[in-house]
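Enquirer: I'm passing along target-v4.txt; it holds compact mmCIF, C-alpha atoms.
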```txt
# COMPACT_ATOMS: atom_id res chain seq x y z
CA MET A 359 19.40 9.53 33.05
CA LYS A 360 16.66 7.47 31.43
CA PRO A 361 16.24 8.04 27.67
CA TYR A 362 12.65 9.22 27.94
CA LEU A 363 13.63 11.91 30.47
CA ILE A 364 16.12 13.23 27.94
CA ALA A 365 13.74 12.93 25.00
CA GLU A 366 10.68 14.59 26.55
CA PRO A 367 12.00 18.21 26.69
CA ALA A 368 13.54 17.92 23.21
CA LEU A 369 10.31 16.57 21.75
CA ARG A 370 8.24 19.30 23.40
CA ARG A 371 10.48 21.98 21.89
CA LEU A 372 10.24 20.24 18.52
CA GLU A 373 6.46 20.06 18.76
CA LEU A 374 6.30 23.77 19.56
CA THR A 375 8.47 24.60 16.55
CA ILE A 376 6.38 22.46 14.23
CA THR A 377 2.97 23.62 15.41
CA ARG A 378 3.97 27.29 15.39
CA ARG A 379 5.45 27.30 11.91
CA LEU A 380 3.54 24.54 10.11
CA ASP A 381 0.13 24.36 11.76
CA GLY A 382 -2.57 24.70 9.12
CA LEU A 383 -0.40 23.84 6.13
CA LEU A 384 -1.32 20.18 6.05
CA GLN A 385 -4.77 20.40 7.56
CA GLY A 386 -7.98 19.55 5.77
CA GLU A 387 -9.93 16.41 4.97
CA HIS A 388 -8.12 13.80 2.92
CA LEU A 389 -9.55 11.93 -0.01
CA GLY A 390 -10.46 8.29 0.38
CA LEU A 391 -7.67 5.85 -0.36
CA VAL A 392 -9.82 2.86 -1.27
CA PRO A 393 -11.93 2.28 -4.40
CA GLY A 394 -15.58 3.21 -4.35
CA PRO A 395 -17.73 6.29 -3.78
CA GLY A 396 -17.37 8.39 -0.68
CA SER A 397 -19.91 9.95 1.62
CA GLU A 398 -18.89 13.60 2.01
CA PRO A 399 -19.42 16.33 -0.64
CA ALA A 400 -16.30 17.66 -2.31
CA GLU A 401 -15.64 19.98 -5.28
CA SER A 402 -18.03 20.56 -8.15
CA ARG A 403 -16.87 19.78 -11.67
CA PRO A 404 -18.38 19.80 -15.18
CA TYR A 405 -20.68 16.90 -15.97
CA ARG A 406 -19.20 14.07 -18.07
CA VAL A 407 -21.04 11.33 -19.91
CA GLY A 408 -21.62 8.47 -17.50
CA ASP A 409 -21.75 10.58 -14.31
CA ASP A 410 -24.52 9.86 -11.83
CA VAL A 411 -27.18 12.52 -12.41
CA ARG A 412 -28.24 12.17 -8.77
CA ARG A 413 -25.02 14.04 -7.89
CA MET A 414 -25.93 17.01 -10.06
CA ASP A 415 -24.99 20.32 -8.43
CA TRP A 416 -27.98 22.44 -9.41
CA ASN A 417 -26.71 25.65 -7.80
CA VAL A 418 -23.47 25.68 -9.80
CA THR A 419 -25.31 24.50 -12.90
CA ALA A 420 -27.71 27.44 -12.64
CA ARG A 421 -24.90 29.95 -12.14
CA THR A 422 -22.74 28.71 -15.02
CA ASN A 423 -25.42 27.47 -17.45
CA GLU A 424 -23.34 24.30 -17.72
CA PRO A 425 -24.15 20.95 -16.07
CA HIS A 426 -22.01 20.31 -12.98
CA VAL A 427 -21.83 17.37 -10.59
CA ARG A 428 -20.38 17.28 -7.10
CA ASP A 429 -17.77 14.64 -6.33
CA LEU A 430 -17.73 12.76 -3.06
CA VAL A 431 -14.83 11.93 -0.81
CA ALA A 432 -14.61 9.01 1.56
CA ASP A 433 -14.79 10.17 5.17
CA ARG A 434 -12.08 7.82 6.46
CA GLU A 435 -9.13 8.25 8.76
CA LEU A 436 -5.72 8.24 7.13
CA GLU A 437 -3.20 5.61 8.12
CA VAL A 438 0.36 6.90 8.02
CA TRP A 439 3.45 4.71 8.22
CA ALA A 440 6.99 6.01 8.58
CA LEU A 441 10.17 4.11 7.75
CA LEU A 442 12.96 5.81 9.69
CA ASP A 443 16.56 5.05 8.77
CA ALA A 444 18.65 5.23 11.95
CA THR A 445 21.63 3.24 10.70
CA ALA A 446 25.23 4.31 11.27
CA SER A 447 25.36 6.42 8.11
CA MET A 448 22.81 8.76 9.71
CA ASP A 449 25.12 9.45 12.69
CA PHE A 450 26.90 12.15 10.75
CA GLY A 451 26.64 15.91 10.69
CA THR A 452 28.92 18.90 10.22
CA ALA A 453 26.36 21.73 10.29
CA ALA A 454 23.47 22.61 12.63
CA MET A 455 22.62 19.01 13.47
CA GLU A 456 23.31 15.39 12.63
CA LYS A 457 21.36 13.66 9.90
CA ARG A 458 19.74 11.46 12.56
CA GLU A 459 18.39 14.55 14.36
CA LEU A 460 17.05 15.98 11.12
CA ALA A 461 15.39 12.66 10.29
CA LEU A 462 13.71 12.63 13.70
CA ALA A 463 12.51 16.21 13.12
CA ALA A 464 10.98 15.19 9.78
CA LEU A 465 9.28 12.20 11.43
CA ALA A 466 7.94 14.46 14.19
CA ALA A 467 6.58 16.96 11.65
CA VAL A 468 4.62 14.27 9.85
CA GLY A 469 3.45 12.81 13.16
CA PHE A 470 2.30 16.02 14.84
CA LEU A 471 0.51 17.34 11.77
CA THR A 472 -1.34 14.11 10.99
CA GLN A 473 -2.10 13.21 14.61
CA ARG A 474 -3.98 16.49 15.11
CA THR A 475 -6.69 15.36 12.69
CA GLY A 476 -7.16 11.97 14.34
CA ASN A 477 -5.17 9.89 11.87
CA ARG A 478 -3.27 6.75 12.78
CA ILE A 479 0.52 6.60 12.60
CA GLY A 480 2.92 3.68 12.90
CA ALA A 481 6.62 3.29 12.29
CA HIS A 482 9.35 0.95 11.13
CA LEU A 483 12.62 1.90 12.85
CA LEU A 484 15.68 0.65 10.99
CA HIS A 485 18.88 0.50 13.05
CA GLY A 486 21.84 -1.71 13.80
CA GLY A 487 19.78 -4.16 15.81
CA GLY A 488 17.35 -4.79 12.95
CA VAL A 489 13.88 -3.39 12.27
CA ARG A 490 11.53 -2.47 15.10
CA THR A 491 7.84 -2.11 14.26
CA LEU A 492 5.54 0.19 16.22
CA PRO A 493 1.86 -0.42 15.32
CA ALA A 494 -0.32 2.37 13.92
CA ARG A 495 -2.52 4.02 16.53
CA THR A 496 -4.14 7.40 17.13
CA GLY A 497 -3.57 9.92 19.86
CA ARG A 498 -0.81 12.13 21.17
CA PRO A 499 0.40 9.67 23.86
CA HIS A 500 1.06 7.07 21.16
CA LEU A 501 2.86 9.60 18.96
CA MET A 502 5.06 10.77 21.83
CA ALA A 503 5.91 7.15 22.70
CA LEU A 504 6.78 6.51 19.04
CA LEU A 505 9.06 9.55 18.86
CA GLN A 506 10.69 8.67 22.18
CA ALA A 507 11.42 5.20 20.86
CA ALA A 508 13.05 6.74 17.78
CA PHE A 509 14.96 9.23 19.94
CA ALA A 510 16.33 6.45 22.17
CA LEU A 511 17.62 4.21 19.38
CA PRO A 512 21.24 3.33 20.20
CA ARG A 513 24.05 4.22 17.85
CA THR A 514 25.54 1.33 15.92
CA PRO A 515 29.23 0.62 16.60
CA PRO A 516 31.47 0.70 13.50
CA GLY A 517 31.76 -2.58 11.65
CA VAL A 518 28.40 -4.02 12.78
CA ALA A 519 26.34 -5.42 9.90
CA GLU A 520 23.04 -3.59 9.43
CA PRO A 521 19.87 -4.37 7.45
CA LEU A 522 19.54 -2.67 4.09
CA LEU A 523 16.90 0.00 3.48
CA GLY A 524 15.38 -2.16 0.75
CA VAL A 525 14.89 -5.04 3.18
CA ALA A 526 13.09 -2.75 5.63
CA ALA A 527 10.89 -1.36 2.83
CA GLU A 528 10.01 -4.91 1.78
CA GLN A 529 9.03 -5.78 5.35
CA LEU A 530 6.96 -2.62 5.62
CA GLY A 531 5.07 -3.57 2.47
CA ARG A 532 4.12 -6.89 4.05
CA VAL A 533 3.00 -5.28 7.32
CA VAL A 534 0.94 -2.38 5.94
CA ARG A 535 -2.29 -3.77 4.52
CA ARG A 536 -4.50 -0.70 4.51
CA ARG A 537 -3.97 1.90 1.81
CA GLY A 538 -2.44 5.09 3.18
CA LEU A 539 0.60 7.33 3.27
CA VAL A 540 4.12 5.93 3.65
CA VAL A 541 6.96 8.31 4.54
CA VAL A 542 10.51 6.99 4.10
CA VAL A 543 13.15 9.10 5.88
CA SER A 544 16.71 8.13 4.93
CA ASP A 545 19.92 9.28 3.29
CA PHE A 546 19.30 6.59 0.63
CA LEU A 547 23.03 5.80 0.46
CA ASP A 548 22.43 2.09 -0.12
CA THR A 549 22.80 1.15 -3.76
CA PRO A 550 19.56 2.33 -5.47
CA GLN A 551 19.08 -1.10 -7.06
CA THR A 552 18.55 -2.54 -3.55
CA TRP A 553 15.71 -0.21 -2.50
CA GLU A 554 14.11 0.97 -5.75
CA PRO A 555 12.09 -2.24 -6.47
CA PRO A 556 10.51 -2.52 -2.97
CA LEU A 557 9.81 1.22 -3.01
CA ARG A 558 8.08 0.84 -6.38
CA ARG A 559 5.92 -1.91 -4.92
CA LEU A 560 4.96 0.40 -2.06
CA THR A 561 3.94 3.19 -4.45
CA ALA A 562 1.72 0.76 -6.35
CA ARG A 563 -0.55 0.57 -3.29
CA HIS A 564 0.24 3.63 -1.17
CA GLN A 565 1.18 7.24 -1.52
CA VAL A 566 4.89 7.42 -0.77
CA LEU A 567 6.95 10.43 0.26
CA ALA A 568 10.73 9.95 0.32
CA VAL A 569 12.50 12.40 2.64
CA GLU A 570 16.18 12.46 1.70
CA VAL A 571 18.46 13.73 4.48
CA LEU A 572 21.94 14.95 3.64
CA ASP A 573 24.85 16.96 5.02
CA PRO A 574 26.85 19.55 3.01
CA ARG A 575 30.09 17.58 3.52
CA GLU A 576 28.51 14.80 1.47
CA LEU A 577 28.45 17.15 -1.50
CA THR A 578 31.78 18.95 -1.31
CA LEU A 579 35.11 18.32 0.39
CA PRO A 580 36.60 21.33 2.21
CA ASP A 581 40.23 22.35 1.89
CA VAL A 582 41.37 21.69 5.47
CA GLY A 583 44.63 19.85 4.94
CA ILE A 584 44.97 16.20 6.00
CA LEU A 585 41.58 14.83 7.00
CA THR A 586 40.89 11.48 8.61
CA LEU A 587 37.66 9.96 7.30
CA ILE A 588 35.91 7.08 9.03
CA ASP A 589 33.23 4.94 7.44
CA PRO A 590 30.85 4.37 10.41
CA GLU A 591 29.39 1.23 8.89
CA THR A 592 32.70 -0.58 8.39
CA GLY A 593 35.03 1.26 10.73
CA ARG A 594 37.48 1.80 7.87
CA ARG A 595 39.77 4.85 8.19
CA ARG A 596 41.37 6.80 5.41
CA GLU A 597 43.71 9.78 5.35
CA VAL A 598 42.76 12.30 2.66
CA ALA A 599 44.82 15.28 1.52
CA THR A 600 42.04 17.80 0.99
CA GLY A 601 44.47 20.39 -0.38
CA ASN A 602 44.45 18.52 -3.70
CA ALA A 603 42.09 20.53 -5.97
CA ARG A 604 41.71 17.62 -8.40
CA LEU A 605 40.61 15.33 -5.57
CA ARG A 606 38.05 17.85 -4.35
CA ARG A 607 36.68 18.23 -7.89
CA ARG A 608 36.39 14.46 -8.38
CA TYR A 609 34.70 14.17 -4.98
CA ALA A 610 32.11 16.83 -5.91
CA GLU A 611 31.46 15.19 -9.28
CA ALA A 612 31.02 11.77 -7.71
CA ALA A 613 28.71 13.17 -5.01
CA ALA A 614 26.59 14.96 -7.63
CA GLY A 615 26.36 11.73 -9.63
CA GLN A 616 25.30 9.85 -6.52
CA ARG A 617 22.51 12.35 -5.79
CA ASP A 618 21.35 12.24 -9.41
CA ALA A 619 21.13 8.46 -9.16
CA ILE A 620 19.06 8.72 -5.99
CA THR A 621 16.73 11.30 -7.56
CA GLY A 622 16.30 9.17 -10.67
CA ALA A 623 15.55 6.03 -8.66
CA LEU A 624 12.93 7.81 -6.55
CA ARG A 625 11.32 9.24 -9.68
CA ARG A 626 11.19 5.82 -11.35
CA ALA A 627 9.70 4.34 -8.19
CA GLY A 628 6.92 6.94 -8.30
CA ALA A 629 7.63 8.43 -4.86
CA GLY A 630 7.39 12.06 -3.91
CA HIS A 631 10.82 13.51 -3.11
CA LEU A 632 11.67 16.00 -0.36
CA ARG A 633 15.34 16.82 0.26
CA LEU A 634 16.33 18.22 3.66
CA ARG A 635 19.83 19.43 4.58
CA THR A 636 21.49 19.82 7.96
CA ASP A 637 22.74 23.30 7.01
CA ARG A 638 19.36 24.70 5.93
CA ASP A 639 16.09 25.68 7.58
CA TRP A 640 14.33 22.34 7.28
CA VAL A 641 10.95 23.83 8.24
CA ARG A 642 11.16 26.30 5.37
CA ASP A 643 12.11 23.52 2.95
CA LEU A 644 9.13 21.50 4.14
CA VAL A 645 6.81 24.48 3.65
CA LYS A 646 8.13 24.98 0.10
CA HIS A 647 7.51 21.31 -0.65
CA VAL A 648 3.92 21.51 0.64
CA MET A 649 3.15 24.65 -1.36
CA ARG A 650 4.65 23.12 -4.51
CA GLN A 651 2.51 20.01 -4.04
CA ARG A 652 -0.57 22.19 -3.66
CA ARG A 653 0.14 23.96 -6.92
CA LEU A 654 0.74 20.64 -8.69
CA ALA A 655 -2.47 19.25 -7.22
CA ALA A 656 -4.44 22.21 -8.51
CA LEU A 657 -2.92 21.87 -11.98
CA ALA A 658 -3.46 18.11 -12.07
CA ALA A 659 -7.05 18.40 -10.86
CA GLY A 660 -8.15 20.87 -13.52
CA PRO A 661 -11.91 20.86 -13.99
CA THR A 662 -12.28 17.17 -13.19
CA GLY A 663 -11.34 17.09 -9.51
CA ALA A 664 -8.27 15.90 -7.65
CA ALA A 665 -9.15 12.28 -7.12
CA GLY A 666 -7.69 9.51 -9.22
CA PRO A 667 -9.39 6.24 -10.12
CA THR A 668 -8.91 4.88 -6.61
CA GLY A 669 -9.94 8.07 -4.85
CA ALA A 670 -6.37 8.96 -3.86
CA THR A 671 -4.70 12.27 -4.49
CA ARG A 672 -1.61 12.28 -6.64
CA PRO A 673 0.77 14.47 -4.68
CA ALA A 674 2.48 12.92 -1.67
CA GLY A 675 0.83 13.75 1.60
CA ALA A 676 -2.68 12.37 1.16
CA THR A 677 -4.31 15.55 2.44
CA ARG A 678 -6.65 17.91 0.77
CA PRO A 679 -5.80 20.23 -0.89
CA ALA A 680 -2.17 19.14 -0.56
CA GLY A 681 -0.04 16.48 1.08
CA PRO A 682 3.03 16.42 3.39
CA ALA A 683 8.90 15.25 5.51
CA GLY A 684 27.72 8.53 9.35
CA HIS A 685 27.97 8.56 5.89
CA ARG A 686 28.39 5.61 3.57
CA ALA A 687 31.10 6.32 1.06
CA PRO A 688 30.37 6.13 -2.69
CA ASP A 689 32.59 4.28 -5.08
CA SER A 690 34.61 7.43 -5.74
CA GLY A 691 35.92 7.49 -2.19
CA GLU A 692 33.44 9.86 -0.55
CA GLY A 693 34.29 9.54 3.10
CA GLY A 694 32.53 9.25 6.40
CA ASP A 695 32.79 11.07 9.70
CA ALA A 696 35.68 13.43 10.09
CA ALA A 697 37.86 12.45 12.97
```
Render the structure in this file as C-alpha cells.
Expert:
Amino acid sequence: MKPYLIAEPALRRLELTITRRLDGLLQGEHLGLVPGPGSEPAESRPYRVGDDVRRMDWNVTARTNEPHVRDLVADRELEVWALLDATASMDFGTAAMEKRELALAALAAVGFLTQRTGNRIGAHLLHGGGVRTLPARTGRPHLMALLQAAFALPRTPPGVAEPLLGVAAEQLGRVVRRRGLVVVVSDFLDTPQTWEPPLRRLTARHQVLAVEVLDPRELTLPDVGILTLIDPETGRRREVATGNARLRRRYAEAAAGQRDAITGALRRAGAGHLRLRTDRDWVRDLVKHVMRQRRLAALAAGPTGAAGPTGATRPAGATRPAGPAGHRAPDSGEGGDAA
C-alpha cells in the first residue's frame, strides 16, 4: 500500500484529537516579529516618558486618572518552521507509542493549530538519508502533504551514518530568513555541545521551542533478567543482567545526569522547553505547557505590555496571549532497543 494511503487515516484521527482537545488554546493574534511599529491596537499601558502622545488612550486615562497609551501590534502572518528528528534513535518505544510517533504528533499539533489562523509552516526533516526541506506555505493541503512526508520517512538501518541534530539546526538557520517561530522536535541525545551553539544562534533571531521526546526505559532499567540491548545507530548489541540492583541504580543516575545536561543546554541556548513522554498523555502535557507560558507572559508583561524591543513575545509559541510541541546510549551504557 502506498505510504500516503496509510498516513491519511492516521493523520485525520490525529487532527480530530488535536482540534477537539486543543482548539482555542493557541488561537489569537500574534505580535509582530520584526522591528518597528505595528498597525493593530493592542493592550493599554501606563504612559512612559518618550511615548508617542498620539497613541494616548483617552478612555482608560479618564477612568484611571492616569495617562495611558495603547500599544500596537504588527498585523503579519507568522512563519513557523519545524525541525523534526527522525533518526534511528527515535525508532524506539516501550509504552503507548514510539518516540517517532510522538514526535509526529507534536509536529501535527503545531501545524494544525497554526495553520488554522493562516500562518505559514515549513519543515526540515532529519533522517538517515540526510535533511529534507519542505518550504513554508499556508493552507491545509500543504500541511497534510508535509505531515504525510514526515509519516513516510523510512527507518534507518542500524550502522548507517546519520547527520547530527546540530548540523540540521545550522542548515535551518541558513534557510529561514524571516523572523518567526522555530520548533525543534527531538530526543536531543546527540552530545549537547554539538547542537547547543547552532540552537543559540537560532534563538538570537527566532522564538525557539524545543520539544524533547523520551521513553520511560531511557530513565530507568527494569528488572527483567537478561536483556539484549541494540543501539539502532551503530547496530551494536549488548547483553545486560538487569537483576543487578547496582547496575540499575547507575543506569538511573546516568540517565538523570543526561537529562539534566539536555535541560541545561536548552536553557543556556534560550529555547523554550517542552518534554513529552511516550507513557503520558502528551496532549495534557502540551496544555500544561501552554497555560504555564500564558502565566509567565502575563507576569513578564506587567503594566508595560508583552512585546519586547523587537515586537516579539518572550514565551515560546509566538501567539497572543501565549505561545505553543532507537535510543542512543549515553556514556554510562544506557542501551537501545530491547530485542
Enquirer: Please indicate the distance in Å from atom CA of A:Leu567 to atom CA of A:Leu539, rounded to one decimal place.
Expert: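 It comes out at 7.7 Å.
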Enquirer: Provide the atom CA of A:Gly476 to atom CA of A:Gly538 distance in Å, to one decimal place.
Expert: 13.9 Å
Enquirer: Compile the contact shell of A:Ile479 as a PyMOL selection string: residues with an atom at most 6 Å away, counting only C-alpha atoms, same-chain residues fewer than 5 positions apart removed.
Expert: chain A and resi 437-439+494-495
Enquirer: Emit the selected residues as a PDB file, in the frame of the given file, including C-alpha atoms.
Expert:
```pdb
ATOM      1  CA  GLU A 437      -3.200   5.610   8.120  1.00  0.00           C
ATOM      2  CA  VAL A 438       0.360   6.900   8.020  1.00  0.00           C
ATOM      3  CA  TRP A 439       3.450   4.710   8.220  1.00  0.00           C
ATOM      4  CA  ALA A 494      -0.320   2.370  13.920  1.00  0.00           C
ATOM      5  CA  ARG A 495      -2.520   4.020  16.530  1.00  0.00           C
TER       6      ARG A 495
END
```
Enquirer: Give me the residues near A:Thr452 as a ChimeraX atom specification, where near means some atom within 10 Å (using all atoms listed in the file) and where sequence neighbours in that chain fewer than 3 positions away do not count.
Expert: /A:455-457,573-576,636-637,695-696
Enquirer: Measuring atom to atom with all atoms listed in the file, identify which of A:Ala510, A:Leu442, A:Ile376, A:Val582 is nearest to A:Val542.
Expert: A:Leu442
Enquirer: What separation in Å, quoted to one decimal, exists between atom CA of A:Ala527 and atom CA of A:His482?
Expert: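 Distance reported for this atom pair: 8.8 Å.
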Enquirer: Closest to A:Glu520 among A:Asp443, A:Pro493, A:Arg558, A:Pro550, using only C-alpha atoms?
Expert: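 Smallest distance to A:Glu520 is found for A:Asp443.
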Enquirer: Could you list, as a JSON list (two decimals) with C-alpha atoms, in the frame of the given file, every residue within 7 Å of stretch 622-633 of chain A, counting only C-alpha atoms and ignoring same-chain residues fewer than 3 positions away?
Expert:
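Written output follows (around09.json):
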```
[["chain", "number", "residue", "atom", "x", "y", "z"],
["A", 550, "PRO", "CA", 19.56, 2.33, -5.47],
["A", 554, "GLU", "CA", 14.11, 0.97, -5.75],
["A", 557, "LEU", "CA", 9.81, 1.22, -3.01],
["A", 558, "ARG", "CA", 8.08, 0.84, -6.38],
["A", 561, "THR", "CA", 3.94, 3.19, -4.45],
["A", 566, "VAL", "CA", 4.89, 7.42, -0.77],
["A", 567, "LEU", "CA", 6.95, 10.43, 0.26],
["A", 568, "ALA", "CA", 10.73, 9.95, 0.32],
["A", 569, "VAL", "CA", 12.50, 12.40, 2.64],
["A", 570, "GLU", "CA", 16.18, 12.46, 1.70],
["A", 571, "VAL", "CA", 18.46, 13.73, 4.48],
["A", 618, "ASP", "CA", 21.35, 12.24, -9.41],
["A", 619, "ALA", "CA", 21.13, 8.46, -9.16],
["A", 647, "HIS", "CA", 7.51, 21.31, -0.65],
["A", 674, "ALA", "CA", 2.48, 12.92, -1.67],
["A", 683, "ALA", "CA", 8.90, 15.25, 5.51]]
```
Enquirer: Which one is closest to A:Arg379: A:Ala467, A:Val525, A:Leu436, A:Ile620? Count all atoms listed in the file.
Expert: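 When distances to A:Arg379 are compared using all atoms listed in the file, the smallest one comes from A:Ala467.
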Enquirer: What lies within 8 Å of A:Thr552 using all atoms listed in the file, ignoring chain neighbours under 2 positions off, as a VMD selection string?
Expert: chain A and resid 522 to 524 548 to 550 554 to 555
Enquirer: When you look at stretch 594-596 of chain A with a cut-off of 9 Å (counting all atoms listed in the file), what residues show up, excluding the ones that are within fewer than 2 positions of it in the same chain? I need them as a PyMOL selection string.
Expert: chain A and resi 516-517+585-592+598+693-694
Enquirer: Of the candidates A:Glu611, A:Asp545, A:Glu597, A:Asp581, which one gets nearest to A:Thr445 if we count all atoms listed in the file?
Expert: A:Asp545
